[in-house]
Amino acid sequence: MNTIKIATIVGARPQFIKAAVISRQIRLLKGVSEVLIHTGQHYNANMSDIFFKELEIRTPDYHLGIGGGSHGQNTGRMLELIEKVLVKERPDWVLVYGDTDSTLAGALAATKLHIPVAHVEAGLRSYNRRMPEEINRVLTDHSSSLLFAPTVTAVNNLDAEGIKGDKVHLSGDVMYDAMLFYKSKFRKPEKYSQISQGFLLCTIHRAENTDDLLRLAAIVRFINRLSETWRVILPMHPRTTEALRNLQNMVKLSTNVHVTDPLSYLEMNWLLENCSAVITDSGGLQKEAYFHLKPCLTLRDETEWVELLTAGYNILASPFEKDLLNRFDKFIQIKIPSGDVIYGNGNAGKVIVEKLTNKTI
């Protein structure tokens, strides 16, 4: 019997979560095998290893160990090593996720070897070409043979760029699948064993915020002000930790802010489930806040998840806004109705694997 071989390429923590959903569906099918390639883009224990363990993702077949360099360095090195793996494995499909350097490197390596690419989370656009993620999205979409769009807006974005027809599928969002599947396993971080509810969950990691010292200083001042009246929990990305060292002569993060190392998926979702609101610059966390019916203030000038802005569940904000605290106080009163389905019904993984393999699960 002929088998279908899928090479899955991951490298960053959101991709591990998405791959867990798809890999679980692949295992249900006879005659379909998966080769898992980890580029190493996120490489420390809190950003990588713990996700594989708690989400029960099998050990990667290949770990390329590439991380810590610039965008150009990482993408180039990944491209070279992924190509070697693909030449050896000769998969029928290369499956990539999202918008990271690993995504683009995998798509380029496959395309140059004439291996068809399937892109999960296709069609997202912030229309800010200064964002590395935006370039990665656009180039990957235009290199792909199958494009799985999480929303109608994403489908329309692809259509506007001439990508349409049978290669584009409205799949829903695999992150919603993951939230539903792992919901019973969410756990409170040990560090916050005394916390119940009524806190703010904050994350800052995007280069547009961490690499601009004036912007980062404004964000720190805003968080410090919030911490005067709210308990603020801030899981700290390694990039942000380094950037804050450069701010010491300008402003310091208040001791009222509860800083922790990056948390696992199950721990972050416990915090999402129990917080009052989310403040972030993360694309993924904007959606996850919505999954948990929590309002989200996004410290960016644009977002790829425009559906949440249209619905009024998310607002964009500049950290330089003079009335930002008042705006936040009003926004946090918003109640998101349950049953409002923007990102599908929780079966995106099944839809994707069936379309990819032409097999019914």
# chains A, B, ... in the order shown; residues from 1 in each chain; ligands from 1
$ residues_around --residues "Val232 in chain A" --least-positions-apart "5" --cutoff "9 Å" --atoms "only C-alpha atoms" --output "PDB file with C-alpha atoms, in the first residue's frame"
ATOM      1  CA  PHE A 199      -5.350  39.826  37.917  1.00  0.00           C
ATOM      2  CA  LEU A 200      -4.002  41.092  34.600  1.00  0.00           C
ATOM      3  CA  LEU A 201      -1.935  38.830  32.350  1.00  0.00           C
ATOM      4  CA  CYS A 202       0.714  40.663  30.345  1.00  0.00           C
ATOM      5  CA  ILE A 223       2.501  48.468  33.301  1.00  0.00           C
ATOM      6  CA  ASN A 224       3.938  50.112  36.412  1.00  0.00           C
ATOM      7  CA  LEU A 226      -1.444  49.400  36.290  1.00  0.00           C
ATOM      8  CA  SER A 227       0.412  47.531  39.029  1.00  0.00           C
ATOM      9  CA  ASN A 256       4.757  45.349  42.157  1.00  0.00           C
ATOM     10  CA  VAL A 257       4.809  43.525  38.815  1.00  0.00           C
ATOM     11  CA  HIS A 258       4.958  39.751  39.246  1.00  0.00           C
ATOM     12  CA  VAL A 259       7.632  38.615  36.791  1.00  0.00           C
TER      13      VAL A 259
END
$ select_by_dssp --residues "range 10-146 of chain A" --states "helix (DSSP H, G or I)" --output "ChimeraX atom specification"
/A:13-26,45-54,71-89,101-112,132-143
$ residues_around --residues "range 301-309 of chain A" --least-positions-apart "2" --cutoff "7 Å" --atoms "only C-alpha atoms" --output "NGL selection string"
:A and (124-126 or 311-318)
$ closest_residue --among "A:Asn156, A:Thr111, A:Thr8, A:Asn136" --to "Gly123 in chain A" --atoms "only C-alpha atoms"
A:Asn156
$ closest_residue --among "A:Ile115, A:Ala122, A:Val168, A:Ile17" --to "Pro150 in chain A" --atoms "only C-alpha atoms"
A:Ala122
$ atom_distance --atom1 "CA of Glu80 in chain A" --atom2 "CA of Gly40 in chain A"
13.9 Å
$ residues_around --residues "Ser144 in chain A" --least-positions-apart "3" --cutoff "9 Å" --atoms "only C-alpha atoms" --output "PyMOL selection string"
chain A and resi 107+111+116-119+139-141+147+167
$ closest_residue --among "A:Val351, A:Leu108, A:Val341, A:Leu253" --to "Leu293 in chain A" --atoms "only C-alpha atoms"
A:Val341
$ residues_around --residues "Thr75 in chain A" --least-positions-apart "3" --cutoff "9 Å" --atoms "only C-alpha atoms" --output "PDB file with N, CA and C atoms, in the first residue's frame"
ATOM      1  N   SER A  70      20.449  36.334  13.977  1.00  0.00           N
ATOM      2  CA  SER A  70      19.560  37.315  13.364  1.00  0.00           C
ATOM      3  C   SER A  70      18.569  36.597  12.450  1.00  0.00           C
ATOM      4  N   HIS A  71      17.573  37.335  11.962  1.00  0.00           N
ATOM      5  CA  HIS A  71      16.587  36.727  11.067  1.00  0.00           C
ATOM      6  C   HIS A  71      17.261  36.136   9.832  1.00  0.00           C
ATOM      7  N   GLY A  72      18.183  36.884   9.236  1.00  0.00           N
ATOM      8  CA  GLY A  72      18.848  36.396   8.044  1.00  0.00           C
ATOM      9  C   GLY A  72      19.714  35.178   8.315  1.00  0.00           C
ATOM     10  N   MET A  78      18.733  27.529   8.516  1.00  0.00           N
ATOM     11  CA  MET A  78      17.609  26.578   8.501  1.00  0.00           C
ATOM     12  C   MET A  78      17.373  26.047   7.094  1.00  0.00           C
ATOM     13  N   LEU A  79      17.396  26.940   6.131  1.00  0.00           N
ATOM     14  CA  LEU A  79      17.165  26.556   4.738  1.00  0.00           C
ATOM     15  C   LEU A  79      18.152  25.474   4.311  1.00  0.00           C
ATOM     16  N   GLU A  80      19.398  25.647   4.650  1.00  0.00           N
ATOM     17  CA  GLU A  80      20.430  24.679   4.262  1.00  0.00           C
ATOM     18  C   GLU A  80      20.195  23.313   4.894  1.00  0.00           C
ATOM     19  N   ASP A 101      10.637  32.444  11.171  1.00  0.00           N
ATOM     20  CA  ASP A 101      11.742  32.131  10.262  1.00  0.00           C
ATOM     21  C   ASP A 101      11.731  30.650   9.878  1.00  0.00           C
ATOM     22  N   SER A 102      11.326  29.788  10.817  1.00  0.00           N
ATOM     23  CA  SER A 102      11.221  28.356  10.529  1.00  0.00           C
ATOM     24  C   SER A 102      10.187  28.095   9.443  1.00  0.00           C
ATOM     25  N   LEU A 104       9.195  30.160   6.964  1.00  0.00           N
ATOM     26  CA  LEU A 104       9.697  30.578   5.658  1.00  0.00           C
ATOM     27  C   LEU A 104      10.799  29.652   5.162  1.00  0.00           C
ATOM     28  N   ALA A 105      11.714  29.272   6.043  1.00  0.00           N
ATOM     29  CA  ALA A 105      12.813  28.400   5.623  1.00  0.00           C
ATOM     30  C   ALA A 105      12.280  27.063   5.128  1.00  0.00           C
TER      31      ALA A 105
END
$ closest_residue --among "A:Tyr127, A:Phe291, A:Phe320, A:Phe331" --to "Val220 in chain A" --atoms "only C-alpha atoms"
A:Phe320
$ select_by_dssp --residues "range 37-279 of chain A" --states "strand (DSSP E)" --output "PyMOL selection string"
chain A and resi 37-38+62-63+93-97+117-120+146-149+168-170+199-203+231-235+258-260+277-279
$ closest_residue --among "A:Asn128, A:Thr39, A:Gln25, A:Thr103" --to "Val85 in chain A" --atoms "only C-alpha atoms"
A:Thr39
$ residues_around --residues "Lys5 in chain A" --least-positions-apart "3" --cutoff "6 Å" --atoms "only C-alpha atoms" --output "PyMOL selection string"
chain A and resi 32-34+91-92
$ write_last_selection --atoms "C-alpha atoms" --output "PDB file, in the first residue's frame"
ATOM      1  CA  VAL A  32       0.121   8.257   6.595  1.00  0.00           C
ATOM      2  CA  SER A  33       3.463   8.897   8.293  1.00  0.00           C
ATOM      3  CA  GLU A  34       5.002  12.051   9.703  1.00  0.00           C
ATOM      4  CA  PRO A  91       8.222  13.559   1.740  1.00  0.00           C
ATOM      5  CA  ASP A  92       5.024  14.008  -0.267  1.00  0.00           C
TER       6      ASP A  92
END
$ closest_residue --among "A:Leu180, A:Gly67, A:Pro319, A:Thr310" --to "Leu214 in chain A" --atoms "only C-alpha atoms"
A:Pro319
$ decode --residues "range 280-299 of chain A" --atoms "N, CA and C atoms" --output "compact mmCIF listing (two decimals), in the first residue's frame"
# COMPACT_ATOMS: atom_id res chain seq x y z
N THR A 280 -1.00 42.59 25.77
CA THR A 280 0.00 41.81 25.05
C THR A 280 0.38 42.47 23.74
N ASP A 281 1.45 41.97 23.12
CA ASP A 281 1.74 42.28 21.72
C ASP A 281 1.82 40.98 20.91
N SER A 282 1.41 39.89 21.52
CA SER A 282 1.44 38.57 20.89
C SER A 282 0.22 38.35 20.02
N GLY A 283 0.43 37.84 18.81
CA GLY A 283 -0.69 37.50 17.96
C GLY A 283 -1.50 36.34 18.54
N GLY A 284 -0.80 35.30 18.97
CA GLY A 284 -1.48 34.12 19.49
C GLY A 284 -2.28 34.41 20.75
N LEU A 285 -1.73 35.24 21.63
CA LEU A 285 -2.42 35.51 22.89
C LEU A 285 -3.68 36.34 22.69
N GLN A 286 -3.71 37.14 21.63
CA GLN A 286 -4.93 37.89 21.33
C GLN A 286 -6.09 36.91 21.09
N LYS A 287 -5.82 35.87 20.32
CA LYS A 287 -6.85 34.86 20.06
C LYS A 287 -7.20 34.08 21.31
N GLU A 288 -6.18 33.68 22.06
CA GLU A 288 -6.43 32.86 23.23
C GLU A 288 -7.22 33.63 24.30
N ALA A 289 -6.99 34.93 24.38
CA ALA A 289 -7.81 35.74 25.28
C ALA A 289 -9.27 35.63 24.87
N TYR A 290 -9.53 35.71 23.58
CA TYR A 290 -10.90 35.58 23.08
C TYR A 290 -11.47 34.19 23.37
N PHE A 291 -10.67 33.14 23.18
CA PHE A 291 -11.15 31.79 23.47
C PHE A 291 -11.65 31.68 24.91
N HIS A 292 -10.98 32.43 25.80
CA HIS A 292 -11.34 32.41 27.22
C HIS A 292 -12.30 33.54 27.61
N LEU A 293 -12.81 34.25 26.60
CA LEU A 293 -13.80 35.33 26.80
C LEU A 293 -13.24 36.47 27.63
N LYS A 294 -11.96 36.81 27.40
CA LYS A 294 -11.32 37.89 28.13
C LYS A 294 -10.97 39.04 27.18
N PRO A 295 -11.26 40.28 27.58
CA PRO A 295 -10.88 41.43 26.74
C PRO A 295 -9.37 41.53 26.65
N CYS A 296 -8.90 42.05 25.52
CA CYS A 296 -7.46 42.12 25.27
C CYS A 296 -7.08 43.50 24.76
N LEU A 297 -6.09 44.10 25.38
CA LEU A 297 -5.51 45.35 24.91
C LEU A 297 -4.17 45.00 24.26
N THR A 298 -4.05 45.32 22.98
CA THR A 298 -2.86 44.95 22.21
C THR A 298 -1.98 46.17 22.00
N LEU A 299 -0.76 46.10 22.51
CA LEU A 299 0.18 47.23 22.44
C LEU A 299 0.95 47.17 21.12
